[in-house]
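Asker: Structure file data39.txt (compact mmCIF, C-alpha atoms) is given on the next line.
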```txt
# COMPACT_ATOMS: atom_id res chain seq x y z
CA MET A 1 107.23 97.04 76.36
CA LEU A 2 107.44 99.88 78.83
CA GLN A 3 104.77 99.24 81.39
CA ARG A 4 103.64 96.09 83.17
CA LEU A 5 100.38 95.83 85.04
CA THR A 6 99.38 92.70 86.95
CA ALA A 7 95.67 92.11 86.69
CA ILE A 8 93.41 89.26 87.65
CA SER A 9 90.16 90.51 86.18
CA CYS A 10 87.59 88.14 84.76
CA ALA A 11 85.65 88.85 81.58
CA VAL A 12 82.35 87.58 82.97
CA VAL A 13 81.08 91.08 83.71
CA LEU A 14 81.64 93.99 81.34
CA LEU A 15 80.94 97.69 81.69
CA ALA A 16 79.21 98.85 78.53
CA GLY A 17 81.41 101.48 77.02
CA VAL A 18 84.58 100.11 78.55
CA ALA A 19 87.31 98.55 76.43
CA THR A 20 87.48 95.13 78.03
CA ALA A 21 87.27 93.25 74.77
CA ALA A 22 89.75 93.09 71.90
CA TYR A 23 89.00 96.12 69.78
CA ASN A 24 91.56 95.62 67.06
CA GLU A 25 93.39 98.08 64.88
CA GLY A 26 96.91 97.85 63.55
CA VAL A 27 99.87 98.71 65.74
CA ALA A 28 102.28 99.57 62.93
CA ASP A 29 102.42 100.35 59.23
CA GLY A 30 104.49 98.59 56.62
CA GLY A 31 105.43 95.53 58.67
CA VAL A 32 104.83 93.78 61.94
CA GLY A 33 107.91 95.48 63.35
CA VAL A 34 108.98 92.76 65.77
CA VAL A 35 112.31 93.52 67.42
CA SER A 36 114.53 90.49 68.04
CA SER A 37 118.01 89.76 69.27
CA GLY A 38 118.91 87.04 66.80
CA GLY A 39 119.01 83.27 67.20
CA ASP A 40 115.89 81.13 66.89
CA ALA A 41 113.65 83.96 68.07
CA GLY A 42 115.09 86.25 65.42
CA ARG A 43 114.57 83.67 62.70
CA ARG A 44 110.94 83.14 63.67
CA THR A 45 110.12 86.82 63.74
CA ARG A 46 111.87 87.35 60.41
CA VAL A 47 109.51 84.75 58.96
CA VAL A 48 106.56 86.84 60.07
CA ASP A 49 108.02 90.00 58.55
CA GLU A 50 108.84 88.18 55.31
CA VAL A 51 105.34 86.73 54.93
CA PHE A 52 103.86 90.13 55.64
CA ALA A 53 106.02 91.76 52.95
CA LYS A 54 105.22 89.12 50.32
CA VAL A 55 101.48 89.20 50.95
CA ASP A 56 101.51 92.99 51.02
CA ALA A 57 103.34 93.12 47.69
CA GLY A 58 101.68 90.33 45.75
CA ALA A 59 98.18 89.47 46.97
CA VAL A 60 95.61 89.76 44.17
CA GLU A 61 93.47 92.00 46.36
CA ARG A 62 95.64 94.65 47.96
CA PRO A 63 95.40 94.06 51.70
CA ASP A 64 94.92 96.64 54.39
CA ASP A 65 98.21 96.77 56.31
CA ASP A 66 96.48 97.44 59.62
CA GLU A 67 94.26 94.40 59.13
CA LEU A 68 97.30 92.25 58.36
CA VAL A 69 98.99 93.37 61.57
CA GLU A 70 95.79 92.79 63.50
CA GLY A 71 95.52 89.29 62.10
CA ALA A 72 99.16 88.50 62.91
CA VAL A 73 98.86 89.73 66.49
CA ASN A 74 95.58 87.95 67.15
CA GLY A 75 96.85 84.78 65.50
CA LEU A 76 99.87 84.78 67.79
CA LEU A 77 97.68 85.23 70.86
CA GLU A 78 95.22 82.58 69.69
CA ALA A 79 98.07 80.09 69.33
CA LEU A 80 98.73 80.44 73.06
CA GLY A 81 95.49 78.65 73.83
CA ASP A 82 95.03 81.25 76.56
CA PRO A 83 91.37 82.28 76.97
CA TYR A 84 92.43 85.54 78.63
CA ALA A 85 94.96 86.64 75.99
CA GLN A 86 93.87 89.88 74.39
CA TYR A 87 95.22 92.71 72.26
CA TYR A 88 94.24 96.34 72.92
CA ASP A 89 94.71 99.11 70.40
CA ALA A 90 95.78 102.50 71.75
CA GLU A 91 92.22 103.71 72.31
CA ALA A 92 91.09 100.49 73.96
CA PHE A 93 94.19 100.38 76.15
CA SER A 94 93.53 103.91 77.36
CA ALA A 95 89.93 103.00 78.16
CA PHE A 96 91.06 99.88 80.02
CA ASN A 97 93.33 101.99 82.21
CA ASP A 98 90.47 104.41 82.78
CA LEU A 99 88.41 101.50 84.06
CA LEU A 100 91.11 100.58 86.55
CA ASP A 101 91.19 104.23 87.61
CA GLY A 102 87.41 104.10 88.11
CA GLU A 103 86.13 106.17 85.20
CA PHE A 104 85.01 105.64 81.59
CA SER A 105 82.79 106.98 78.83
CA GLY A 106 79.57 105.10 78.28
CA VAL A 107 75.95 104.71 79.30
CA GLY A 108 76.43 103.10 82.72
CA LEU A 109 75.44 99.47 82.27
CA VAL A 110 77.03 96.31 83.61
CA LEU A 111 76.36 93.46 81.21
CA GLU A 112 76.66 89.70 81.51
CA GLU A 113 76.36 87.01 78.85
CA LYS A 114 73.53 84.68 79.88
CA PRO A 115 71.73 81.84 78.05
CA ALA A 116 68.88 84.19 77.11
CA GLY A 117 71.29 86.78 75.74
CA VAL A 118 73.46 89.70 76.86
CA THR A 119 71.68 90.95 79.96
CA VAL A 120 71.84 94.06 82.15
CA VAL A 121 72.95 93.02 85.64
CA THR A 122 73.62 96.49 87.10
CA VAL A 123 72.54 100.02 86.19
CA LEU A 124 74.96 102.58 87.61
CA GLU A 125 73.35 105.28 89.73
CA GLY A 126 73.03 108.64 88.00
CA ALA A 127 74.22 107.32 84.63
CA PRO A 128 72.34 107.88 81.34
CA ALA A 129 70.91 104.37 81.44
CA GLU A 130 69.39 104.89 84.87
CA ARG A 131 67.85 108.23 83.90
CA ALA A 132 66.27 106.55 80.89
CA GLY A 133 64.78 103.81 83.05
CA VAL A 134 66.83 100.81 81.91
CA GLU A 135 66.07 97.86 84.19
CA VAL A 136 68.19 95.06 85.57
CA GLY A 137 67.23 91.90 83.66
CA GLU A 138 66.58 93.59 80.32
CA ARG A 139 68.44 92.11 77.35
CA ILE A 140 70.20 94.13 74.65
CA VAL A 141 68.78 92.93 71.34
CA SER A 142 69.86 95.74 69.01
CA VAL A 143 72.30 98.63 68.86
CA ASP A 144 71.60 101.57 66.55
CA GLY A 145 68.89 99.59 64.80
CA LYS A 146 71.05 96.53 64.06
CA ASP A 147 70.17 93.15 65.55
CA VAL A 148 72.91 91.97 67.95
CA ARG A 149 71.24 88.90 69.46
CA ASP A 150 73.65 86.50 67.76
CA LEU A 151 76.78 88.56 68.45
CA PRO A 152 79.27 87.90 71.27
CA ILE A 153 79.28 90.23 74.23
CA ASP A 154 82.59 91.87 73.32
CA VAL A 155 81.19 92.99 69.96
CA ILE A 156 78.07 94.36 71.64
CA VAL A 157 80.20 96.28 74.14
CA ASP A 158 82.25 97.65 71.24
CA ARG A 159 79.08 99.02 69.64
CA VAL A 160 77.65 100.46 72.85
CA LYS A 161 80.85 102.24 73.87
CA GLY A 162 81.82 105.60 72.47
CA ASP A 163 82.94 109.12 73.14
CA ALA A 164 81.14 111.32 75.63
CA GLY A 165 78.48 113.44 73.93
CA THR A 166 77.66 110.90 71.20
CA GLU A 167 74.38 108.98 71.02
CA VAL A 168 73.57 105.29 70.90
CA THR A 169 70.16 103.66 70.46
CA LEU A 170 69.61 100.42 72.37
CA GLY A 171 66.92 97.88 71.62
CA LEU A 172 65.83 96.21 74.86
CA ALA A 173 63.65 93.23 75.69
CA GLY A 174 62.66 91.23 78.73
CA GLY A 175 61.71 94.12 81.02
CA ARG A 176 58.38 95.32 82.33
CA ALA A 177 57.97 97.59 79.30
CA GLY A 178 58.44 94.74 76.84
CA ARG A 179 60.43 95.28 73.70
CA ARG A 180 61.45 98.91 73.23
CA GLU A 181 64.14 101.27 71.92
CA ILE A 182 65.79 104.10 73.82
CA THR A 183 68.40 106.62 72.73
CA LEU A 184 71.10 107.51 75.23
CA THR A 185 73.81 110.15 75.18
CA ARG A 186 77.12 108.76 76.37
CA GLU A 187 78.85 110.51 79.25
CA ARG A 188 82.10 110.43 81.16
CA ILE A 189 81.23 108.37 84.21
CA ASP A 190 83.00 108.00 87.52
CA VAL A 191 82.42 104.39 88.49
CA PRO A 192 80.99 104.14 92.03
CA ASN A 193 83.49 101.43 92.91
CA LEU A 194 82.33 101.16 96.51
CA GLU A 195 79.17 101.73 98.48
CA SER A 196 78.75 101.52 102.22
CA ARG A 197 76.00 102.03 104.77
CA LEU A 198 74.64 100.94 108.12
CA LEU A 199 72.02 98.21 107.78
CA ASP A 200 68.79 98.20 109.77
CA ASP A 201 70.28 95.95 112.45
CA GLY A 202 73.33 98.19 112.86
CA SER A 203 75.68 96.01 110.86
CA GLY A 204 78.16 97.76 108.58
CA TYR A 205 77.78 96.96 104.90
CA VAL A 206 80.51 97.51 102.29
CA LYS A 207 80.03 96.51 98.65
CA LEU A 208 83.08 96.54 96.37
CA LEU A 209 82.35 96.46 92.62
CA GLN A 210 85.88 95.75 91.41
CA PHE A 211 89.49 95.85 92.57
CA SER A 212 90.69 99.06 90.95
CA ASN A 213 93.35 101.50 92.09
CA ASP A 214 93.11 102.41 95.79
CA SER A 215 90.38 99.85 96.57
CA GLY A 216 92.17 98.78 99.74
CA GLU A 217 92.34 102.34 101.03
CA ARG A 218 88.70 102.95 100.15
CA VAL A 219 87.53 99.81 101.95
CA ARG A 220 89.57 100.70 105.03
CA LYS A 221 88.15 104.23 105.09
CA ALA A 222 84.59 102.96 104.66
CA VAL A 223 85.00 100.38 107.44
CA ASP A 224 86.53 102.95 109.79
CA GLU A 225 83.62 105.33 109.17
CA LEU A 226 81.06 102.57 109.77
CA VAL A 227 82.73 101.58 113.04
CA ASP A 228 82.76 105.24 114.11
CA SER A 229 79.01 105.28 113.36
CA GLY A 230 78.41 102.32 115.65
CA ALA A 231 78.87 99.23 113.47
CA ARG A 232 80.11 96.27 115.52
CA GLY A 233 80.61 93.98 112.54
CA ILE A 234 81.04 94.17 108.76
CA VAL A 235 79.39 92.50 105.78
CA LEU A 236 81.84 92.72 102.85
CA ASP A 237 79.86 92.16 99.65
CA LEU A 238 81.93 90.83 96.74
CA ARG A 239 79.00 89.44 94.75
CA GLY A 240 79.30 90.18 91.06
CA ASN A 241 82.84 91.51 91.53
CA PRO A 242 84.91 90.20 88.60
CA GLY A 243 88.33 91.06 90.05
CA GLY A 244 90.94 93.62 89.11
CA LEU A 245 94.41 94.34 90.46
CA LEU A 246 96.31 91.68 92.41
CA SER A 247 97.90 94.29 94.66
CA GLU A 248 94.46 95.59 95.64
CA ALA A 249 93.27 92.08 96.54
CA VAL A 250 96.12 91.92 99.04
CA SER A 251 95.29 95.43 100.29
CA VAL A 252 91.60 94.65 100.84
CA ALA A 253 92.37 91.38 102.63
CA SER A 254 94.87 93.25 104.80
CA VAL A 255 92.10 95.47 106.15
CA PHE A 256 90.85 92.42 108.07
CA ILE A 257 93.83 90.02 108.29
CA GLU A 258 96.74 91.17 110.45
CA ASP A 259 99.49 88.83 109.33
CA GLY A 260 100.25 85.68 107.38
CA ALA A 261 99.79 84.67 103.75
CA ILE A 262 97.08 86.21 101.60
CA VAL A 263 97.95 84.48 98.32
CA SER A 264 100.89 82.78 96.63
CA VAL A 265 101.77 83.28 92.97
CA ARG A 266 103.82 81.02 90.70
CA GLU A 267 105.21 82.23 87.40
CA ARG A 268 106.73 80.04 84.69
CA GLU A 269 109.73 78.03 85.94
CA ALA A 270 109.76 79.90 89.23
CA GLU A 271 109.13 79.15 92.87
CA ARG A 272 105.94 80.33 94.46
CA GLU A 273 106.05 83.86 95.82
CA THR A 274 103.89 84.43 98.88
CA LEU A 275 102.20 87.80 99.34
CA THR A 276 101.45 88.53 102.98
CA ALA A 277 99.16 90.79 104.97
CA ARG A 278 100.44 94.30 105.50
CA GLY A 279 99.59 94.72 109.19
CA ASP A 280 97.40 97.26 111.02
CA ALA A 281 94.27 95.20 110.39
CA LEU A 282 90.92 95.47 112.13
CA GLU A 283 91.43 91.89 113.25
CA SER A 284 88.87 91.78 116.07
CA LEU A 285 85.98 93.12 113.98
CA PRO A 286 83.46 90.35 113.15
CA LEU A 287 83.35 89.78 109.38
CA VAL A 288 81.08 88.06 106.87
CA VAL A 289 82.01 87.98 103.18
CA LEU A 290 79.25 87.63 100.56
CA VAL A 291 80.13 85.91 97.27
CA ASP A 292 78.30 84.44 94.28
CA ASN A 293 79.14 82.63 91.05
CA SER A 294 80.25 85.90 89.43
CA SER A 295 82.78 86.67 92.18
CA ALA A 296 86.10 86.02 90.49
CA SER A 297 89.86 86.36 90.73
CA ALA A 298 90.68 89.10 93.24
CA SER A 299 87.33 88.44 94.95
CA GLU A 300 88.28 84.80 95.29
CA ILE A 301 91.70 85.71 96.68
CA VAL A 302 90.08 87.77 99.45
CA ALA A 303 87.42 85.16 100.20
CA GLY A 304 89.98 82.33 100.19
CA ALA A 305 92.34 84.23 102.49
CA VAL A 306 89.55 85.07 104.96
CA GLN A 307 88.36 81.47 104.93
CA ASP A 308 91.80 79.90 105.34
CA ALA A 309 92.73 82.29 108.15
CA GLY A 310 89.46 81.59 109.97
CA ARG A 311 89.01 85.34 109.98
CA GLY A 312 85.36 85.40 108.96
CA THR A 313 82.48 83.47 107.43
CA ILE A 314 81.87 83.16 103.70
CA VAL A 315 78.19 83.21 102.67
CA GLY A 316 76.54 82.81 99.26
CA GLN A 317 77.37 80.68 96.22
CA THR A 318 80.55 78.95 95.06
CA THR A 319 82.66 81.52 93.26
CA PHE A 320 83.60 81.60 89.56
CA GLY A 321 86.86 79.68 89.79
CA LYS A 322 89.62 81.70 88.11
CA GLY A 323 93.07 80.95 89.47
CA THR A 324 95.38 82.68 87.01
CA VAL A 325 97.10 86.05 86.80
CA GLN A 326 97.33 88.15 83.66
CA THR A 327 100.02 90.70 82.87
CA ILE A 328 99.23 93.68 80.67
CA GLU A 329 102.20 94.97 78.72
CA ARG A 330 102.23 98.42 77.16
CA LEU A 331 103.48 98.30 73.56
CA ASP A 332 105.93 100.86 72.21
CA ALA A 333 103.81 101.13 69.05
CA GLY A 334 100.75 102.03 71.11
CA GLY A 335 98.15 99.88 72.83
CA GLY A 336 98.84 96.84 74.92
CA VAL A 337 98.63 93.08 75.16
CA LYS A 338 97.34 90.90 77.98
CA PHE A 339 98.18 87.25 78.58
CA THR A 340 98.42 84.77 81.41
CA THR A 341 101.76 84.84 83.20
CA ALA A 342 101.13 83.06 86.50
CA GLU A 343 98.76 81.01 88.59
CA TYR A 344 97.81 81.72 92.17
CA PHE A 345 96.95 79.66 95.23
CA THR A 346 95.08 80.28 98.47
CA PRO A 347 97.11 80.34 101.72
CA SER A 348 96.33 76.63 102.21
CA GLY A 349 98.03 75.92 98.88
CA ASP A 350 94.88 75.16 96.88
CA SER A 351 94.23 76.36 93.34
CA ILE A 352 90.72 77.64 92.75
CA GLU A 353 90.99 77.33 88.94
CA GLY A 354 87.76 75.72 87.73
CA VAL A 355 86.76 75.02 91.34
CA GLY A 356 86.12 78.32 93.07
CA VAL A 357 85.77 79.07 96.76
CA LYS A 358 82.95 77.17 98.44
CA PRO A 359 81.08 79.25 101.02
CA ASP A 360 80.89 78.19 104.64
CA GLU A 361 77.14 78.69 104.29
CA VAL A 362 75.57 78.15 100.86
CA VAL A 363 72.60 80.43 100.25
CA GLU A 364 70.74 81.13 96.99
CA GLY A 365 69.09 84.43 96.12
CA ALA A 366 70.39 87.94 96.70
CA ASP A 367 67.99 88.95 99.46
CA ALA A 368 68.34 85.64 101.27
CA GLN A 369 72.12 85.90 101.09
CA LEU A 370 72.19 89.32 102.73
CA SER A 371 69.74 88.18 105.41
CA ALA A 372 71.92 85.15 106.10
CA ALA A 373 75.02 87.33 106.36
CA GLN A 374 73.30 89.55 108.93
CA ARG A 375 72.16 86.49 110.91
CA VAL A 376 75.68 85.04 110.94
CA LEU A 377 77.11 88.39 112.01
CA ARG A 378 74.62 88.68 114.87
CA ALA A 379 75.61 85.22 116.06
CA MET A 380 79.28 86.27 116.01
CA LEU A 381 78.48 89.31 118.14
CA VAL A 382 76.62 87.19 120.68
CA ARG A 383 79.61 84.84 121.01
CA ALA A 384 82.20 87.63 121.15
CA PRO A 385 80.62 90.99 122.08
CA ALA A 386 82.69 94.06 121.37
CA GLY A 387 84.19 96.19 124.11
```
Written as structure tokens, that's how I'd like the structure from this file.
Answerer:
Amino acid sequence: MLQRLTAISCAVVLLAGVATAAYNEGVADGGVGVVSSGGDAGRRTRVVDEVFAKVDAGAVERPDDDELVEGAVNGLLEALGDPYAQYYDAEAFSAFNDLLDGEFSGVGLVLEEKPAGVTVVTVLEGAPAERAGVEVGERIVSVDGKDVRDLPIDVIVDRVKGDAGTEVTLGLAGGRAGRREITLTRERIDVPNLESRLLDDGSGYVKLLQFSNDSGERVRKAVDELVDSGARGIVLDLRGNPGGLLSEAVSVASVFIEDGAIVSVREREAERETLTARGDALESLPLVVLVDNSSASASEIVAGAVQDAGRGTIVGQTTFGKGTVQTIERLDAGGGVKFTTAEYFTPSGDSIEGVGVKPDEVVEGADAQLSAAQRVLRAMLVRAPAG
């Protein structure tokens, strides 16, 4: 295990074509290949190797060694009872890292599993899906002519993803065009992780799609540019943001919070470790943070820190409620494995697991939420004008 990556991403939102589900292939041939140092751990891993060897040698139907390894790895992770535990083969692990770097191969759809089926919640600008006219709200009902309505979202993502230059045919339903099929050519896509602009009332608006590498620096740069353009306050939009890197949650919060705790983390049999703001914040700039029920993990850390510090106002819906941290370990045999290694707490000491962050002002509906955020920001400016 050569590389450790601390992530707090939530699997509510998936980028079609991105390896965020467990795409399983074997990690070794001819045995599970567990390395142990003796004792009880060594005995237990020898049992796994022995069972593998006996099944491989004597099963009436000769097994596929890769499938046996896959089953052993997934069985081990399933026994954890950890809903976030996941194995990545080498290809999927590479794609996962691409996602954190802000790029992937696919068609440019953000999907969410809803009661009606797997639904498009975002179409990335300039991507193949947008050029073909895919609409937010359409459901994916088939992939390459095969019905996928009864399949879980990770399997659908697995079928939609693929190498740049290859084609995939999606069956769609629920849009203005009714049921239809479109064929898309997958491309290498740079994920537009952040968008920013001046709103009609002069407020600065920054929307962060996920907490990938350098998100803190990108938010700071965007805010600085908006202030230079005349913005006297900022709306930070974290709606639909499923999380990402813990370090980037601290970095984004530090753009607005000068000092003090951002989040505390507790690993197994360890004391809580408090991560603090990094200084040089824009602490006098009025701030409203938009959240919804798909804002998770890193988004909740930022919202909770802002709320506890009294640094800004939270507007929208109660967030998803994911208060755990996952570590992704790179495997020597290729690929990686993700599992929960810690839980985190807001600066006030509260866990948001299963609870979420409750907004200061609860508002339903995307347009109404943005309007409310602008109204709250205007009220802040009246109470404390800049200059």
Asker: Could you tell me how far atom CA of A:Glu258 lies from atom CA of A:Asp280, in Å and to one decimal?
Answerer: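 Pair atom CA of A:Glu258 / atom CA of A:Asp280 returns 6.2 Å.
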Asker: For A:Asp259, which residue among A:Arg278, A:Arg383, A:Arg197, A:Arg44 is the nearest when counting only C-alpha atoms?
Answerer: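 Ranking A:Arg278, A:Arg383, A:Arg197, A:Arg44 by distance to A:Asp259, first place goes to A:Arg278.
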Asker: Counting all atoms listed in the file, which residues sit no farther than 12 Å from the position (91.1, 92.3, 106.6) in the file's frame? I'd like them as a PDB file with C-alpha atoms, keeping the file's coordinate frame.
Answerer:
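The resulting file, part15.pdb, is reproduced below:
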```pdb
ATOM      1  CA  GLY A 216      92.170  98.780  99.740  1.00  0.00           C
ATOM      2  CA  GLU A 217      92.340 102.340 101.030  1.00  0.00           C
ATOM      3  CA  VAL A 219      87.530  99.810 101.950  1.00  0.00           C
ATOM      4  CA  ARG A 220      89.570 100.700 105.030  1.00  0.00           C
ATOM      5  CA  VAL A 223      85.000 100.380 107.440  1.00  0.00           C
ATOM      6  CA  ILE A 234      81.040  94.170 108.760  1.00  0.00           C
ATOM      7  CA  VAL A 235      79.390  92.500 105.780  1.00  0.00           C
ATOM      8  CA  LEU A 236      81.840  92.720 102.850  1.00  0.00           C
ATOM      9  CA  GLU A 248      94.460  95.590  95.640  1.00  0.00           C
ATOM     10  CA  ALA A 249      93.270  92.080  96.540  1.00  0.00           C
ATOM     11  CA  VAL A 250      96.120  91.920  99.040  1.00  0.00           C
ATOM     12  CA  SER A 251      95.290  95.430 100.290  1.00  0.00           C
ATOM     13  CA  VAL A 252      91.600  94.650 100.840  1.00  0.00           C
ATOM     14  CA  ALA A 253      92.370  91.380 102.630  1.00  0.00           C
ATOM     15  CA  SER A 254      94.870  93.250 104.800  1.00  0.00           C
ATOM     16  CA  VAL A 255      92.100  95.470 106.150  1.00  0.00           C
ATOM     17  CA  PHE A 256      90.850  92.420 108.070  1.00  0.00           C
ATOM     18  CA  ILE A 257      93.830  90.020 108.290  1.00  0.00           C
ATOM     19  CA  GLU A 258      96.740  91.170 110.450  1.00  0.00           C
ATOM     20  CA  ASP A 259      99.490  88.830 109.330  1.00  0.00           C
ATOM     21  CA  GLY A 260     100.250  85.680 107.380  1.00  0.00           C
ATOM     22  CA  ALA A 261      99.790  84.670 103.750  1.00  0.00           C
ATOM     23  CA  ILE A 262      97.080  86.210 101.600  1.00  0.00           C
ATOM     24  CA  THR A 276     101.450  88.530 102.980  1.00  0.00           C
ATOM     25  CA  ALA A 277      99.160  90.790 104.970  1.00  0.00           C
ATOM     26  CA  ARG A 278     100.440  94.300 105.500  1.00  0.00           C
ATOM     27  CA  GLY A 279      99.590  94.720 109.190  1.00  0.00           C
ATOM     28  CA  ASP A 280      97.400  97.260 111.020  1.00  0.00           C
ATOM     29  CA  ALA A 281      94.270  95.200 110.390  1.00  0.00           C
ATOM     30  CA  LEU A 282      90.920  95.470 112.130  1.00  0.00           C
ATOM     31  CA  GLU A 283      91.430  91.890 113.250  1.00  0.00           C
ATOM     32  CA  SER A 284      88.870  91.780 116.070  1.00  0.00           C
ATOM     33  CA  LEU A 285      85.980  93.120 113.980  1.00  0.00           C
ATOM     34  CA  PRO A 286      83.460  90.350 113.150  1.00  0.00           C
ATOM     35  CA  LEU A 287      83.350  89.780 109.380  1.00  0.00           C
ATOM     36  CA  VAL A 288      81.080  88.060 106.870  1.00  0.00           C
ATOM     37  CA  VAL A 289      82.010  87.980 103.180  1.00  0.00           C
ATOM     38  CA  ILE A 301      91.700  85.710  96.680  1.00  0.00           C
ATOM     39  CA  VAL A 302      90.080  87.770  99.450  1.00  0.00           C
ATOM     40  CA  ALA A 303      87.420  85.160 100.200  1.00  0.00           C
ATOM     41  CA  GLY A 304      89.980  82.330 100.190  1.00  0.00           C
ATOM     42  CA  ALA A 305      92.340  84.230 102.490  1.00  0.00           C
ATOM     43  CA  VAL A 306      89.550  85.070 104.960  1.00  0.00           C
ATOM     44  CA  GLN A 307      88.360  81.470 104.930  1.00  0.00           C
ATOM     45  CA  ALA A 309      92.730  82.290 108.150  1.00  0.00           C
ATOM     46  CA  GLY A 310      89.460  81.590 109.970  1.00  0.00           C
ATOM     47  CA  ARG A 311      89.010  85.340 109.980  1.00  0.00           C
ATOM     48  CA  GLY A 312      85.360  85.400 108.960  1.00  0.00           C
TER      49      GLY A 312
END
```
Asker: Within 12 Å of (70.2, 102.4, 70.6) (coordinates as in the file), grab all the protein and nucleic acid residues, counting all atoms listed in the file, and write them out as a compact mmCIF listing (two decimals) with C-alpha atoms, keeping the file's coordinate frame.
Answerer:
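The result, written out as point-v5.txt:
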```txt
# COMPACT_ATOMS: atom_id res chain seq x y z
CA VAL A 107 75.95 104.71 79.30
CA ALA A 129 70.91 104.37 81.44
CA ALA A 132 66.27 106.55 80.89
CA VAL A 134 66.83 100.81 81.91
CA ILE A 140 70.20 94.13 74.65
CA VAL A 141 68.78 92.93 71.34
CA SER A 142 69.86 95.74 69.01
CA VAL A 143 72.30 98.63 68.86
CA ASP A 144 71.60 101.57 66.55
CA GLY A 145 68.89 99.59 64.80
CA LYS A 146 71.05 96.53 64.06
CA ASP A 147 70.17 93.15 65.55
CA VAL A 148 72.91 91.97 67.95
CA ILE A 156 78.07 94.36 71.64
CA ARG A 159 79.08 99.02 69.64
CA VAL A 160 77.65 100.46 72.85
CA LYS A 161 80.85 102.24 73.87
CA THR A 166 77.66 110.90 71.20
CA GLU A 167 74.38 108.98 71.02
CA VAL A 168 73.57 105.29 70.90
CA THR A 169 70.16 103.66 70.46
CA LEU A 170 69.61 100.42 72.37
CA GLY A 171 66.92 97.88 71.62
CA LEU A 172 65.83 96.21 74.86
CA ARG A 180 61.45 98.91 73.23
CA GLU A 181 64.14 101.27 71.92
CA ILE A 182 65.79 104.10 73.82
CA THR A 183 68.40 106.62 72.73
CA LEU A 184 71.10 107.51 75.23
CA THR A 185 73.81 110.15 75.18
CA ARG A 186 77.12 108.76 76.37
```
Asker: Pick the closest to A:Leu111 from A:Ala127, A:Val263, A:Val355, A:Val136: which is it, counting only C-alpha atoms?
Answerer: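 Among the listed residues, the smallest separation from A:Leu111 belongs to A:Val136.
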Asker: Would you compute the distance between atom CA of A:Asn97 and atom CA of A:Arg139? Give it in Å to one decimal.
Answerer: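 Calculated distance between atom CA of A:Asn97 and atom CA of A:Arg139 is 27.2 Å.
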Asker: May I have the residues within 7 Å of A:Gly323 as a short mmCIF file (atom, residue, chain, number, x, y, z; two decimals) with C-alpha atoms, keeping the file's coordinate frame, using all atoms listed in the file and disregarding those fewer than 5 positions away in the same chain?
Answerer:
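part.cif, freshly written:
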```
data_model
loop_
_atom_site.label_atom_id
_atom_site.label_comp_id
_atom_site.auth_asym_id
_atom_site.auth_seq_id
_atom_site.Cartn_x
_atom_site.Cartn_y
_atom_site.Cartn_z
CA SER A 297 89.86 86.36 90.73
CA GLU A 343 98.76 81.01 88.59
CA TYR A 344 97.81 81.72 92.17
CA SER A 351 94.23 76.36 93.34
CA ILE A 352 90.72 77.64 92.75
CA GLU A 353 90.99 77.33 88.94
#
```
Asker: Using all atoms listed in the file, which residues sit within 8 Å of A:Leu290 once same-chain residues fewer than 4 positions away are excluded, as a list in words?
Answerer: Val235, Leu236, Asp237, Leu238, Arg239, Ile314, Val315, Gly316, Gln369, Leu370 and Ala373 of chain A
Asker: Write the residues of the preceding selection, restricted to C-alpha atoms, as a PDB file, keeping the file's coordinate frame.
Answerer:
```pdb
ATOM      1  CA  VAL A 235      79.390  92.500 105.780  1.00  0.00           C
ATOM      2  CA  LEU A 236      81.840  92.720 102.850  1.00  0.00           C
ATOM      3  CA  ASP A 237      79.860  92.160  99.650  1.00  0.00           C
ATOM      4  CA  LEU A 238      81.930  90.830  96.740  1.00  0.00           C
ATOM      5  CA  ARG A 239      79.000  89.440  94.750  1.00  0.00           C
ATOM      6  CA  ILE A 314      81.870  83.160 103.700  1.00  0.00           C
ATOM      7  CA  VAL A 315      78.190  83.210 102.670  1.00  0.00           C
ATOM      8  CA  GLY A 316      76.540  82.810  99.260  1.00  0.00           C
ATOM      9  CA  GLN A 369      72.120  85.900 101.090  1.00  0.00           C
ATOM     10  CA  LEU A 370      72.190  89.320 102.730  1.00  0.00           C
ATOM     11  CA  ALA A 373      75.020  87.330 106.360  1.00  0.00           C
TER      12      ALA A 373
END
```
Asker: One decimal, in Å: what's the spacing between atom CA of A:Tyr88 and atom CA of A:Asn241?
Answerer: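 The value is 22.4 Å.
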Asker: Kindly indicate which residue among A:Leu209, A:Ala366, A:Asp190, A:Val337 lies nearest to A:Leu76, using only C-alpha atoms for the distances.
Answerer: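 Using only C-alpha atoms, A:Leu76 sits closest to A:Val337.
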Asker: Nearest residue to A:Glu78 out of A:Phe339, A:Ser371, A:Leu381, A:Val60, using all atoms listed in the file?
Answerer: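 Smallest separation from A:Glu78 among the options: A:Phe339.
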Asker: Residues near A:Glu187, anyone? I mean within 9 Å using only C-alpha atoms, not counting same-chain ones fewer than 3 positions away, as a ChimeraX atom specification.
Answerer: /A:104-108,127-128,162-166
Asker: I'd like to know which of A:Val118, A:Gly335, A:Phe211, A:Thr45 is closest to A:Glu70, using all atoms listed in the file.
Answerer: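 Between A:Val118, A:Gly335, A:Phe211, A:Thr45, the residue approaching A:Glu70 most closely is A:Gly335.
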Asker: With distances taken over all atoms listed in the file, which residue among A:Gly233, A:Leu208, A:Glu225, A:Tyr87 lies nearest A:Ala379?
Answerer: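 So, comparing all the options, the nearest one is A:Gly233.
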Asker: Env of A:Leu226: 8 Å cut, atoms = only C-alpha atoms, seq-sep filter 3 positions within chain, self excluded. Answer as a ChimeraX atom specification.
Answerer: /A:196-198,204,222-223,229-231
